[in-house]
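One structure is given below, encoded as structure tokens.
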Amino acid sequence: MTLRTFKNILTELERSAYVSGEAIRLRTNIDNQGEEEVRLFIKLVQYVEYFIERGVSGVTKEIDHLVLEYKGEAIPPCSSTKWDSGQELILPVVPPSLVGLCRLLQIYYVLKVGLDFEKSGEGLQMHFPLTVATVPFRIPNSKQESAIHYSVASSHVEGGMYVGPEFLLGQVYDGTSVRPEPVILYRPLYVCVNQH
């Protein structure tokens, strides 16, 4: 008895730089010639590295945040399918990529595409570095331009999950009324585009 375990995924990313609000264009061809169902999964992960110069070597810390996630429908054994992201993968408002510009902080993004096996979990992963830019993509000699606006970052990524106390207007709580909502004096804004 021969056990077939051939699974194949071919992925094409339209481009490697996007502005918040744009749809990430991705096409995949999946050929499942194995014995179990598989599902396409896509994750965009934000990596943040902090550097503190202390002594000779310094101290580093790296954290990561899940920016967006997609899980496709089950693909049965001995079948193949094609998938086009279309307008399904909209990049939320996040800080732009910051690599090699600052000694203290780096922010970069990785798009992970792979197959999730029914019994054995994730496998066949591909990683695409993705640049979050501040200028939208434009086709040369095209009159169509994206409408730009500015917004605060999503609350689940670095740049949007924390507001320092120095940027909040302090209010005295007297204990008798409902605690007042904090008044935010400053929050960074990031470039994003409106979808057509």
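Ordered as shown in the structure tokens, chains take letters A, B, and onward, while each chain numbers its residues from 1 and ligands are numbered from 1 in the order shown.
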
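When the distance limit is 9 Å and only C-alpha atoms are what count, the residues near Asn29 (chain A), minus those fewer than 6 positions from it on the same chain, are Asn8, Ile9, Leu10, Thr11, Glu12, Ser80, Thr81, Lys82 and Trp83 of chain A.
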
Export, as a PDB file, in the first residue's frame, the selected residues with all heavy atoms.
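As written to disk, result23.pdb reads:
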```
ATOM      1  N   ASN A   8       1.059  20.641  -2.622  1.00  0.00           N
ATOM      2  CA  ASN A   8       1.821  21.675  -3.287  1.00  0.00           C
ATOM      3  C   ASN A   8       1.066  22.989  -3.193  1.00  0.00           C
ATOM      4  O   ASN A   8      -0.150  23.011  -3.364  1.00  0.00           O
ATOM      5  CB  ASN A   8       2.032  21.278  -4.748  1.00  0.00           C
ATOM      6  CG  ASN A   8       2.978  22.199  -5.472  1.00  0.00           C
ATOM      7  OD1 ASN A   8       3.681  22.987  -4.860  1.00  0.00           O
ATOM      8  ND2 ASN A   8       2.993  22.095  -6.781  1.00  0.00           N
ATOM      9  N   ILE A   9       1.782  24.069  -2.931  1.00  0.00           N
ATOM     10  CA  ILE A   9       1.180  25.398  -2.913  1.00  0.00           C
ATOM     11  C   ILE A   9       2.093  26.339  -3.682  1.00  0.00           C
ATOM     12  O   ILE A   9       3.294  26.377  -3.460  1.00  0.00           O
ATOM     13  CB  ILE A   9       0.920  25.897  -1.472  1.00  0.00           C
ATOM     14  CG1 ILE A   9       0.289  27.288  -1.498  1.00  0.00           C
ATOM     15  CG2 ILE A   9       2.175  25.887  -0.653  1.00  0.00           C
ATOM     16  CD1 ILE A   9      -0.193  27.760  -0.137  1.00  0.00           C
ATOM     17  N   LEU A  10       1.518  27.068  -4.629  1.00  0.00           N
ATOM     18  CA  LEU A  10       2.234  28.052  -5.420  1.00  0.00           C
ATOM     19  C   LEU A  10       1.590  29.400  -5.119  1.00  0.00           C
ATOM     20  O   LEU A  10       0.386  29.555  -5.259  1.00  0.00           O
ATOM     21  CB  LEU A  10       2.134  27.721  -6.909  1.00  0.00           C
ATOM     22  CG  LEU A  10       2.762  28.715  -7.865  1.00  0.00           C
ATOM     23  CD1 LEU A  10       4.272  28.730  -7.697  1.00  0.00           C
ATOM     24  CD2 LEU A  10       2.395  28.377  -9.289  1.00  0.00           C
ATOM     25  N   THR A  11       2.391  30.352  -4.663  1.00  0.00           N
ATOM     26  CA  THR A  11       1.849  31.640  -4.227  1.00  0.00           C
ATOM     27  C   THR A  11       2.541  32.774  -4.958  1.00  0.00           C
ATOM     28  O   THR A  11       3.751  32.759  -5.132  1.00  0.00           O
ATOM     29  CB  THR A  11       2.053  31.815  -2.711  1.00  0.00           C
ATOM     30  OG1 THR A  11       1.429  30.730  -2.041  1.00  0.00           O
ATOM     31  CG2 THR A  11       1.450  33.104  -2.219  1.00  0.00           C
ATOM     32  N   GLU A  12       1.738  33.761  -5.373  1.00  0.00           N
ATOM     33  CA  GLU A  12       2.264  34.934  -6.062  1.00  0.00           C
ATOM     34  C   GLU A  12       1.734  36.182  -5.367  1.00  0.00           C
ATOM     35  O   GLU A  12       0.518  36.380  -5.260  1.00  0.00           O
ATOM     36  CB  GLU A  12       1.832  34.926  -7.527  1.00  0.00           C
ATOM     37  CG  GLU A  12       2.292  36.115  -8.298  1.00  0.00           C
ATOM     38  CD  GLU A  12       1.743  36.123  -9.725  1.00  0.00           C
ATOM     39  OE1 GLU A  12       1.071  35.171 -10.133  1.00  0.00           O
ATOM     40  OE2 GLU A  12       1.996  37.126 -10.408  1.00  0.00           O
ATOM     41  N   SER A  80      -7.598  20.113  -6.296  1.00  0.00           N
ATOM     42  CA  SER A  80      -6.793  21.327  -6.357  1.00  0.00           C
ATOM     43  C   SER A  80      -7.727  22.524  -6.479  1.00  0.00           C
ATOM     44  O   SER A  80      -8.881  22.387  -6.884  1.00  0.00           O
ATOM     45  CB  SER A  80      -5.810  21.273  -7.520  1.00  0.00           C
ATOM     46  OG  SER A  80      -6.505  21.169  -8.736  1.00  0.00           O
ATOM     47  N   THR A  81      -7.221  23.686  -6.120  1.00  0.00           N
ATOM     48  CA  THR A  81      -8.032  24.901  -6.162  1.00  0.00           C
ATOM     49  C   THR A  81      -7.141  26.110  -6.369  1.00  0.00           C
ATOM     50  O   THR A  81      -5.935  26.055  -6.125  1.00  0.00           O
ATOM     51  CB  THR A  81      -8.870  25.060  -4.874  1.00  0.00           C
ATOM     52  OG1 THR A  81      -9.769  26.153  -5.034  1.00  0.00           O
ATOM     53  CG2 THR A  81      -7.996  25.317  -3.673  1.00  0.00           C
ATOM     54  N   LYS A  82      -7.758  27.201  -6.808  1.00  0.00           N
ATOM     55  CA  LYS A  82      -7.076  28.485  -6.951  1.00  0.00           C
ATOM     56  C   LYS A  82      -7.800  29.482  -6.059  1.00  0.00           C
ATOM     57  O   LYS A  82      -9.013  29.404  -5.893  1.00  0.00           O
ATOM     58  CB  LYS A  82      -7.107  28.974  -8.395  1.00  0.00           C
ATOM     59  CG  LYS A  82      -6.328  28.098  -9.338  1.00  0.00           C
ATOM     60  CD  LYS A  82      -6.379  28.641 -10.731  1.00  0.00           C
ATOM     61  CE  LYS A  82      -5.567  27.737 -11.655  1.00  0.00           C
ATOM     62  NZ  LYS A  82      -5.513  28.263 -13.017  1.00  0.00           N
ATOM     63  N   TRP A  83      -7.030  30.433  -5.494  1.00  0.00           N
ATOM     64  CA  TRP A  83      -7.623  31.457  -4.643  1.00  0.00           C
ATOM     65  C   TRP A  83      -6.974  32.790  -4.948  1.00  0.00           C
ATOM     66  O   TRP A  83      -5.760  32.872  -5.112  1.00  0.00           O
ATOM     67  CB  TRP A  83      -7.423  31.086  -3.168  1.00  0.00           C
ATOM     68  CG  TRP A  83      -8.041  32.062  -2.213  1.00  0.00           C
ATOM     69  CD1 TRP A  83      -9.354  32.147  -1.871  1.00  0.00           C
ATOM     70  CD2 TRP A  83      -7.377  33.096  -1.494  1.00  0.00           C
ATOM     71  NE1 TRP A  83      -9.542  33.173  -0.982  1.00  0.00           N
ATOM     72  CE2 TRP A  83      -8.348  33.776  -0.726  1.00  0.00           C
ATOM     73  CE3 TRP A  83      -6.066  33.518  -1.417  1.00  0.00           C
ATOM     74  CZ2 TRP A  83      -8.045  34.843   0.097  1.00  0.00           C
ATOM     75  CZ3 TRP A  83      -5.753  34.585  -0.595  1.00  0.00           C
ATOM     76  CH2 TRP A  83      -6.736  35.235   0.156  1.00  0.00           C
TER      77      TRP A  83
END
```

Fewer than 2 positions away in the same chain doesn't count, so skip those; otherwise give me all residues within 8 Å of Arg187 (chain A), counting only C-alpha atoms, as a CSV table (one decimal) with N, CA and C atoms, in the first residue's frame.
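The resulting file, around.csv, is shown below:
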```csv
chain,number,residue,atom,x,y,z
A,152,VAL,N,-5.2,56.9,13.4
A,152,VAL,CA,-4.4,56.2,14.4
A,152,VAL,C,-4.3,54.8,14.1
A,163,VAL,N,-1.1,54.3,25.0
A,163,VAL,CA,-1.0,55.8,25.0
A,163,VAL,C,-0.3,56.1,26.4
A,167,PHE,N,0.7,61.8,27.5
A,167,PHE,CA,-0.2,62.3,26.4
A,167,PHE,C,-1.6,62.3,26.8
A,184,ILE,N,-7.3,62.3,25.4
A,184,ILE,CA,-6.0,62.0,24.8
A,184,ILE,C,-5.5,63.3,24.1
A,185,LEU,N,-4.4,63.8,24.6
A,185,LEU,CA,-3.8,65.1,24.0
A,185,LEU,C,-3.1,64.8,22.7
A,189,LEU,N,-0.4,59.7,14.1
A,189,LEU,CA,-1.3,59.4,12.9
A,189,LEU,C,-0.4,58.8,11.8
```

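You can rank A:Gly160, A:Gly86, A:Pro129, A:Pro188 by their closest distance to Lys112 (chain A) using only C-alpha atoms, and at the top of that list sits A:Pro129.
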
Practice task
Show which residues sit within 10 Å of Pro95 (chain A), as a VMD selection string. Count only C-alpha atoms, and ignore same-chain residues fewer than 3 positions away.
Solution key: chain A and resid 19 to 20 46 92 98 107 to 108 132 to 134 152 to 154 157 to 160 188 to 191

Let me see the file: selected residues, N, CA, C and O atoms, as a PDB file, in the first residue's frame.
```
ATOM      1  N   VAL A  19       0.349  50.438   1.387  1.00  0.00           N
ATOM      2  CA  VAL A  19       0.015  51.482   2.343  1.00  0.00           C
ATOM      3  C   VAL A  19      -1.214  50.995   3.114  1.00  0.00           C
ATOM      4  O   VAL A  19      -2.060  50.282   2.568  1.00  0.00           O
ATOM      5  N   SER A  20      -1.318  51.372   4.381  1.00  0.00           N
ATOM      6  CA  SER A  20      -2.490  50.994   5.180  1.00  0.00           C
ATOM      7  C   SER A  20      -3.764  51.360   4.429  1.00  0.00           C
ATOM      8  O   SER A  20      -3.860  52.436   3.849  1.00  0.00           O
ATOM      9  N   GLN A  46       3.629  41.692  12.633  1.00  0.00           N
ATOM     10  CA  GLN A  46       4.475  42.863  12.866  1.00  0.00           C
ATOM     11  C   GLN A  46       5.559  42.475  13.868  1.00  0.00           C
ATOM     12  O   GLN A  46       5.251  41.974  14.941  1.00  0.00           O
ATOM     13  N   PRO A  92      -4.760  46.824   7.774  1.00  0.00           N
ATOM     14  CA  PRO A  92      -5.248  47.812   8.742  1.00  0.00           C
ATOM     15  C   PRO A  92      -4.222  48.917   8.958  1.00  0.00           C
ATOM     16  O   PRO A  92      -3.087  48.824   8.488  1.00  0.00           O
ATOM     17  N   LEU A  98      10.122  50.445   9.524  1.00  0.00           N
ATOM     18  CA  LEU A  98      11.202  51.310  10.011  1.00  0.00           C
ATOM     19  C   LEU A  98      12.418  50.416  10.228  1.00  0.00           C
ATOM     20  O   LEU A  98      12.590  49.833  11.287  1.00  0.00           O
ATOM     21  N   ILE A 107      10.893  48.336  13.011  1.00  0.00           N
ATOM     22  CA  ILE A 107       9.575  47.732  12.807  1.00  0.00           C
ATOM     23  C   ILE A 107       9.563  47.142  11.403  1.00  0.00           C
ATOM     24  O   ILE A 107       9.878  47.847  10.432  1.00  0.00           O
ATOM     25  N   TYR A 108       9.227  45.861  11.302  1.00  0.00           N
ATOM     26  CA  TYR A 108       9.113  45.241   9.987  1.00  0.00           C
ATOM     27  C   TYR A 108       7.991  44.217  10.012  1.00  0.00           C
ATOM     28  O   TYR A 108       7.508  43.804  11.062  1.00  0.00           O
ATOM     29  N   VAL A 132       5.461  48.229   4.720  1.00  0.00           N
ATOM     30  CA  VAL A 132       4.336  49.143   4.891  1.00  0.00           C
ATOM     31  C   VAL A 132       4.891  50.525   4.584  1.00  0.00           C
ATOM     32  O   VAL A 132       5.758  51.036   5.291  1.00  0.00           O
ATOM     33  N   ALA A 133       4.391  51.112   3.508  1.00  0.00           N
ATOM     34  CA  ALA A 133       4.935  52.355   2.980  1.00  0.00           C
ATOM     35  C   ALA A 133       4.086  53.557   3.384  1.00  0.00           C
ATOM     36  O   ALA A 133       3.021  53.414   3.984  1.00  0.00           O
ATOM     37  N   THR A 134       4.566  54.742   3.028  1.00  0.00           N
ATOM     38  CA  THR A 134       3.840  55.980   3.313  1.00  0.00           C
ATOM     39  C   THR A 134       3.365  56.666   2.041  1.00  0.00           C
ATOM     40  O   THR A 134       2.673  57.667   2.101  1.00  0.00           O
ATOM     41  N   VAL A 152      -5.248  56.868  13.396  1.00  0.00           N
ATOM     42  CA  VAL A 152      -4.446  56.236  14.440  1.00  0.00           C
ATOM     43  C   VAL A 152      -4.314  54.751  14.136  1.00  0.00           C
ATOM     44  O   VAL A 152      -5.155  54.166  13.463  1.00  0.00           O
ATOM     45  N   ALA A 153      -3.263  54.141  14.658  1.00  0.00           N
ATOM     46  CA  ALA A 153      -3.003  52.726  14.414  1.00  0.00           C
ATOM     47  C   ALA A 153      -4.030  51.853  15.116  1.00  0.00           C
ATOM     48  O   ALA A 153      -4.635  52.247  16.115  1.00  0.00           O
ATOM     49  N   SER A 154      -4.215  50.659  14.597  1.00  0.00           N
ATOM     50  CA  SER A 154      -5.108  49.674  15.208  1.00  0.00           C
ATOM     51  C   SER A 154      -4.646  49.372  16.623  1.00  0.00           C
ATOM     52  O   SER A 154      -3.440  49.377  16.906  1.00  0.00           O
ATOM     53  N   VAL A 157      -1.759  46.432  17.521  1.00  0.00           N
ATOM     54  CA  VAL A 157      -0.378  46.446  17.032  1.00  0.00           C
ATOM     55  C   VAL A 157       0.413  47.527  17.763  1.00  0.00           C
ATOM     56  O   VAL A 157      -0.159  48.426  18.363  1.00  0.00           O
ATOM     57  N   GLU A 158       1.756  47.401  17.668  1.00  0.00           N
ATOM     58  CA  GLU A 158       2.610  48.430  18.240  1.00  0.00           C
ATOM     59  C   GLU A 158       2.341  49.743  17.517  1.00  0.00           C
ATOM     60  O   GLU A 158       2.243  49.781  16.305  1.00  0.00           O
ATOM     61  N   GLY A 159       2.225  50.809  18.269  1.00  0.00           N
ATOM     62  CA  GLY A 159       1.898  52.096  17.681  1.00  0.00           C
ATOM     63  C   GLY A 159       0.459  52.498  17.953  1.00  0.00           C
ATOM     64  O   GLY A 159       0.084  53.646  17.781  1.00  0.00           O
ATOM     65  N   GLY A 160      -0.367  51.543  18.395  1.00  0.00           N
ATOM     66  CA  GLY A 160      -1.759  51.848  18.667  1.00  0.00           C
ATOM     67  C   GLY A 160      -2.292  51.257  19.951  1.00  0.00           C
ATOM     68  O   GLY A 160      -3.383  51.581  20.386  1.00  0.00           O
ATOM     69  N   PRO A 188      -0.042  59.417  17.652  1.00  0.00           N
ATOM     70  CA  PRO A 188       0.523  59.497  16.301  1.00  0.00           C
ATOM     71  C   PRO A 188      -0.498  59.080  15.244  1.00  0.00           C
ATOM     72  O   PRO A 188      -1.320  58.199  15.477  1.00  0.00           O
ATOM     73  N   LEU A 189      -0.429  59.722  14.088  1.00  0.00           N
ATOM     74  CA  LEU A 189      -1.289  59.415  12.947  1.00  0.00           C
ATOM     75  C   LEU A 189      -0.440  58.805  11.849  1.00  0.00           C
ATOM     76  O   LEU A 189       0.722  59.168  11.673  1.00  0.00           O
ATOM     77  N   TYR A 190      -1.036  57.887  11.091  1.00  0.00           N
ATOM     78  CA  TYR A 190      -0.319  57.202  10.026  1.00  0.00           C
ATOM     79  C   TYR A 190      -1.087  57.337   8.715  1.00  0.00           C
ATOM     80  O   TYR A 190      -2.307  57.429   8.701  1.00  0.00           O
ATOM     81  N   VAL A 191      -0.346  57.313   7.626  1.00  0.00           N
ATOM     82  CA  VAL A 191      -0.930  57.457   6.292  1.00  0.00           C
ATOM     83  C   VAL A 191      -1.759  56.218   5.968  1.00  0.00           C
ATOM     84  O   VAL A 191      -1.329  55.082   6.186  1.00  0.00           O
TER      85      VAL A 191
END
```

Handout entry: Filtered DSSP result for region 28-116 of chain A, state strand (DSSP E or B), as a ChimeraX atom specification
Key = /A:28-33,38-52,59-75,79-84,90,98,105-116

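Minimum atom-to-atom distance to Gly21 (chain A), evaluated using only C-alpha atoms, belongs to A:Val93 out of A:Leu130, A:Val183, A:Val93, A:Leu169.
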